[in-house]
Amino acid sequence: MPYPTSVSGLRIDVNDSTDLPLAESSRFVVRAEALGFSGVGMPDHPHTGRDVFVRLVLAAQQTERVTVFPSVANPVTRHPKMLASLAATLGESAPGRSCLMVGSGDLAVRYLGEPGASASQLANAAETIRHTLGSEFSLAAPVPVYINASSPRMLEAGGAAADGVYAMVGVDPEVVATAMEHVAAGAREAQRDADSIPVALGLPVFMADSEERAYESAARYALSGLLNRNRVYSRLMRERMPSLEDVSQVSDLSMGQLHRLVDAMVAHGTPERAAEQALVFAERAPTRHFIARVQFAGEDPVRAIEAFASTLRAVGGEDILHPAD
């Protein structure tokens with residue numbers, strides 16, 4: 001039965017988790033545009049041998065409507081001024097539909113054997129990139145700079161120094177509200193208007209042919225959020241469940257603990273159930289922009305977003321997606 005929600009004005013982007021040769025590397029983004037998603041993020045994984053900005057420019061040339069962005073770049077493997085130059089190139093390739101997401105770095109930083117960027121490094125990088133884009137390049141449309149964040153300090157850095165924040169904190173209302181408070185605190189500290197800082201919320205979606213299998217597929221992802229003690233999600237979940245203190249692997253979790261962790265981190269279940277949860281979350285969230293990580297156990301990434309799109313429309317989200325004619 002369709003879920004009665006008011007979804008007009010919501011924007012859902014999707015992250016591309018494919019690892020295809022360059023000749024095929026735009027297949028996911030082309031299909032995402034056809035399905036009606038608003039944007040596509042591509043991973044910065046240099047160990048694949050395929051540079052994310054090359055992929056993004058190729059994707060921009062093969063699409064007309066979706067916003068394209070790295071999900072996410074970092075100021076460790078690339079100097080901030082080089083990131084500004086690359087963002088300008090992307091902005092020229094996709095005027096008005098590109099942005100730059102920067103974060104501490106994960107696989108890309110580990111590939112170089114370097115530590116990830118700190119909150120202060122990210123704030124300084126965002127300021128340098130924004131200044132360089134505004135003063136050294138002539139672009140037809142701005143390229144917004146977002147900071148990807150999940151910890152209090154990173155969220156505050158985004159509020160203080162970036163054009164926006166990409167907050168990956170899960171789907172629990174209290175966790176999300178706490179994250180938004182940190183963004184606002186950072187903005188106030190920098191004497192900025194907190195209401196003027198857009199926030200895109202990460203929306204992890206784990207689908208499977210049964211509820212039980214969906215919990216299993218999302219378990220490691222939820223646990224990784226718990227084990228990173230700096231994250232807002234980890235702090236609040238540990239406050240709620242002190243019994244999590246000694247947990248270090250999925251097998252340490254009771255069924256009840258596992259369910260509570262997954263419920264707070266992702267939309268999950270059969271495609272219909274996961275889509276319903278995603279819509280409930282989106283309708284109640286304090287923002288209208290979401291970046292979804294979509295997985296469907298046993299299916300490839302393109303099939304996963306196809307299933308998510310069709311079930312979103314089926315349960316009442318037809319006003320979110322705008323498929324190509």
# chains A, B, ... in the order shown; residues from 1 in each chain; ligands from 1

$ select_by_dssp --residues "region 55-131 of chain A" --states "helix (DSSP H, G or I)" --output "MDAnalysis selection string"
chainID A and resid 55:61 80:93 107:112 119:131

$ residues_around --residues "Val175 (chain A)" --least-positions-apart "3" --cutoff "9 Å" --atoms "only C-alpha atoms" --output "ChimeraX atom specification"
/A:169-172,178-180,232-233,236-237,264

$ residues_around --residues "region 118-130 of chain A" --least-positions-apart "4" --cutoff "9 Å" --atoms "only C-alpha atoms" --output "CSV table (one decimal) with C-alpha atoms, in the first residue's frame"
chain,number,residue,atom,x,y,z
A,74,ASN,CA,40.4,14.8,0.1
A,75,PRO,CA,43.1,17.5,0.6
A,79,HIS,CA,46.6,19.9,-2.7
A,80,PRO,CA,43.6,22.2,-2.1
A,81,LYS,CA,44.5,24.5,-5.0
A,82,MET,CA,44.7,21.4,-7.2
A,83,LEU,CA,41.3,20.4,-6.0
A,84,ALA,CA,40.1,23.9,-6.9
A,85,SER,CA,41.5,23.5,-10.4
A,87,ALA,CA,36.6,21.4,-9.5
A,102,VAL,CA,35.9,16.8,0.5
A,103,GLY,CA,36.6,14.7,3.5
A,104,SER,CA,39.3,13.2,5.6
A,134,GLY,CA,36.0,32.5,-6.7
A,135,SER,CA,39.2,34.5,-7.5
A,143,VAL,CA,30.8,24.8,-7.8
A,144,PRO,CA,29.8,24.5,-4.2
A,145,VAL,CA,32.3,22.9,-1.8
A,146,TYR,CA,30.9,20.5,0.8
A,147,ILE,CA,32.7,18.9,3.8
A,153,ARG,CA,34.5,18.4,14.9
A,154,MET,CA,34.1,17.6,11.2
A,155,LEU,CA,30.5,18.7,11.3
A,156,GLU,CA,31.4,21.9,13.0
A,157,ALA,CA,34.2,22.5,10.4
A,158,GLY,CA,31.7,22.1,7.7
A,160,ALA,CA,32.2,27.0,9.8
A,161,ALA,CA,34.1,26.9,6.4
A,162,ALA,CA,32.2,25.1,3.6
A,163,ASP,CA,29.3,25.9,1.3

$ residues_around --residues "region 287-300 of chain A" --least-positions-apart "6" --cutoff "6 Å" --atoms "only C-alpha atoms" --output "count of residues only"
15

$ atom_distance --atom1 "CA of Ala304 (chain A)" --atom2 "CA of Ser38 (chain A)"
16.3 Å

$ closest_residue --among "A:Arg220, A:Pro46, A:Phe53, A:Tyr166" --to "Leu107 (chain A)" --atoms "only C-alpha atoms"
A:Pro46

$ residues_around --residues "Leu20 (chain A)" --least-positions-apart "5" --cutoff "12 Å" --atoms "only C-alpha atoms" --output "list in words"
Ser25, Ser26, Arg27, Phe28, Met42, Thr48, Gly49, Arg50, Asp51, Val52, Arg55, Asp300, Pro301 and Val302 of chain A

$ closest_residue --among "A:Leu244, A:Val109, A:Leu321, A:Ala32" --to "Arg303 (chain A)" --atoms "only C-alpha atoms"
A:Ala32

$ residues_around --residues "Leu312 (chain A)" --least-positions-apart "4" --cutoff "6 Å" --atoms "only C-alpha atoms" --output "number ranges by chain"
A: 275, 308, 317

$ write_last_selection --atoms "all heavy atoms" --output "mmCIF file, in the first residue's frame"
data_model
loop_
_atom_site.group_PDB
_atom_site.id
_atom_site.type_symbol
_atom_site.label_atom_id
_atom_site.label_comp_id
_atom_site.auth_asym_id
_atom_site.auth_seq_id
_atom_site.Cartn_x
_atom_site.Cartn_y
_atom_site.Cartn_z
ATOM 1 N N ALA A 275 12.288 1.050 0.945
ATOM 2 C CA ALA A 275 11.819 2.297 0.337
ATOM 3 C C ALA A 275 10.874 3.035 1.267
ATOM 4 O O ALA A 275 10.925 4.273 1.389
ATOM 5 C CB ALA A 275 11.134 2.000 -1.000
ATOM 6 N N PHE A 308 15.439 0.122 -6.229
ATOM 7 C CA PHE A 308 15.116 1.192 -5.288
ATOM 8 C C PHE A 308 14.205 2.228 -5.938
ATOM 9 O O PHE A 308 13.217 2.672 -5.337
ATOM 10 C CB PHE A 308 16.406 1.836 -4.798
ATOM 11 C CG PHE A 308 16.229 2.867 -3.716
ATOM 12 C CD1 PHE A 308 15.444 2.619 -2.601
ATOM 13 C CD2 PHE A 308 16.871 4.101 -3.810
ATOM 14 C CE1 PHE A 308 15.297 3.569 -1.591
ATOM 15 C CE2 PHE A 308 16.731 5.054 -2.816
ATOM 16 C CZ PHE A 308 15.935 4.790 -1.707
ATOM 17 N N GLY A 317 6.684 7.639 -3.618
ATOM 18 C CA GLY A 317 7.744 8.603 -3.873
ATOM 19 C C GLY A 317 7.876 9.029 -5.315
ATOM 20 O O GLY A 317 8.941 9.478 -5.733
#

$ decode --residues "region 130-141 of chain A" --atoms "all heavy atoms" --output "compact mmCIF listing (two decimals), in the first residue's frame"
# COMPACT_ATOMS: atom_id res chain seq x y z
N ARG A 130 37.40 27.37 -1.95
CA ARG A 130 36.35 28.34 -2.25
C ARG A 130 36.96 29.66 -2.73
O ARG A 130 36.47 30.28 -3.69
CB ARG A 130 35.48 28.57 -1.01
CG ARG A 130 34.67 27.35 -0.60
CD ARG A 130 33.94 27.59 0.72
NE ARG A 130 32.90 28.60 0.57
CZ ARG A 130 32.50 29.41 1.55
NH1 ARG A 130 33.11 29.37 2.75
NH2 ARG A 130 31.55 30.29 1.34
N HIS A 131 38.02 30.11 -2.06
CA HIS A 131 38.66 31.36 -2.46
C HIS A 131 39.26 31.23 -3.86
O HIS A 131 39.11 32.15 -4.69
CB HIS A 131 39.75 31.73 -1.45
CG HIS A 131 40.54 32.94 -1.86
ND1 HIS A 131 40.06 34.23 -1.76
CD2 HIS A 131 41.81 33.04 -2.42
CE1 HIS A 131 40.96 35.08 -2.22
NE2 HIS A 131 42.03 34.38 -2.61
N THR A 132 39.92 30.12 -4.13
CA THR A 132 40.56 29.93 -5.44
C THR A 132 39.51 29.87 -6.54
O THR A 132 39.68 30.47 -7.61
CB THR A 132 41.41 28.64 -5.43
OG1 THR A 132 42.36 28.71 -4.37
CG2 THR A 132 42.14 28.46 -6.75
N LEU A 133 38.44 29.14 -6.31
CA LEU A 133 37.37 29.06 -7.32
C LEU A 133 36.78 30.43 -7.60
O LEU A 133 36.48 30.77 -8.75
CB LEU A 133 36.27 28.11 -6.84
CG LEU A 133 36.56 26.61 -6.93
CD1 LEU A 133 35.48 25.81 -6.21
CD2 LEU A 133 36.64 26.17 -8.39
N GLY A 134 36.64 31.23 -6.54
CA GLY A 134 36.01 32.54 -6.73
C GLY A 134 36.92 33.59 -7.29
O GLY A 134 36.45 34.54 -7.95
N SER A 135 38.25 33.46 -7.11
CA SER A 135 39.15 34.54 -7.50
C SER A 135 40.03 34.23 -8.72
O SER A 135 40.50 35.15 -9.37
CB SER A 135 40.07 34.89 -6.32
OG SER A 135 40.89 33.79 -5.96
N GLU A 136 40.22 32.94 -9.01
CA GLU A 136 41.17 32.60 -10.06
C GLU A 136 40.53 31.98 -11.31
O GLU A 136 41.21 31.84 -12.33
CB GLU A 136 42.24 31.65 -9.51
CG GLU A 136 43.08 32.27 -8.40
CD GLU A 136 44.21 31.37 -7.96
OE1 GLU A 136 44.59 30.45 -8.72
OE2 GLU A 136 44.74 31.58 -6.84
N PHE A 137 39.28 31.60 -11.22
CA PHE A 137 38.64 30.95 -12.37
C PHE A 137 37.34 31.65 -12.71
O PHE A 137 36.62 32.11 -11.83
CB PHE A 137 38.37 29.47 -12.07
CG PHE A 137 39.60 28.69 -11.70
CD1 PHE A 137 39.80 28.25 -10.40
CD2 PHE A 137 40.59 28.43 -12.64
CE1 PHE A 137 40.93 27.54 -10.04
CE2 PHE A 137 41.73 27.73 -12.30
CZ PHE A 137 41.91 27.28 -11.00
N SER A 138 37.06 31.71 -14.00
CA SER A 138 35.80 32.29 -14.47
C SER A 138 34.87 31.15 -14.87
O SER A 138 35.07 30.51 -15.91
CB SER A 138 36.05 33.22 -15.67
OG SER A 138 36.88 34.30 -15.29
N LEU A 139 33.89 30.90 -14.04
CA LEU A 139 32.97 29.79 -14.29
C LEU A 139 31.58 30.31 -14.58
O LEU A 139 31.15 31.34 -14.04
CB LEU A 139 32.92 28.86 -13.08
CG LEU A 139 34.23 28.13 -12.74
CD1 LEU A 139 34.08 27.39 -11.42
CD2 LEU A 139 34.60 27.17 -13.85
N ALA A 140 30.86 29.58 -15.43
CA ALA A 140 29.50 29.98 -15.78
C ALA A 140 28.56 29.84 -14.59
O ALA A 140 27.54 30.53 -14.51
CB ALA A 140 29.00 29.12 -16.94
N ALA A 141 28.88 28.91 -13.66
CA ALA A 141 28.05 28.70 -12.47
C ALA A 141 28.97 28.27 -11.33
O ALA A 141 30.01 27.65 -11.56
CB ALA A 141 26.99 27.63 -12.73
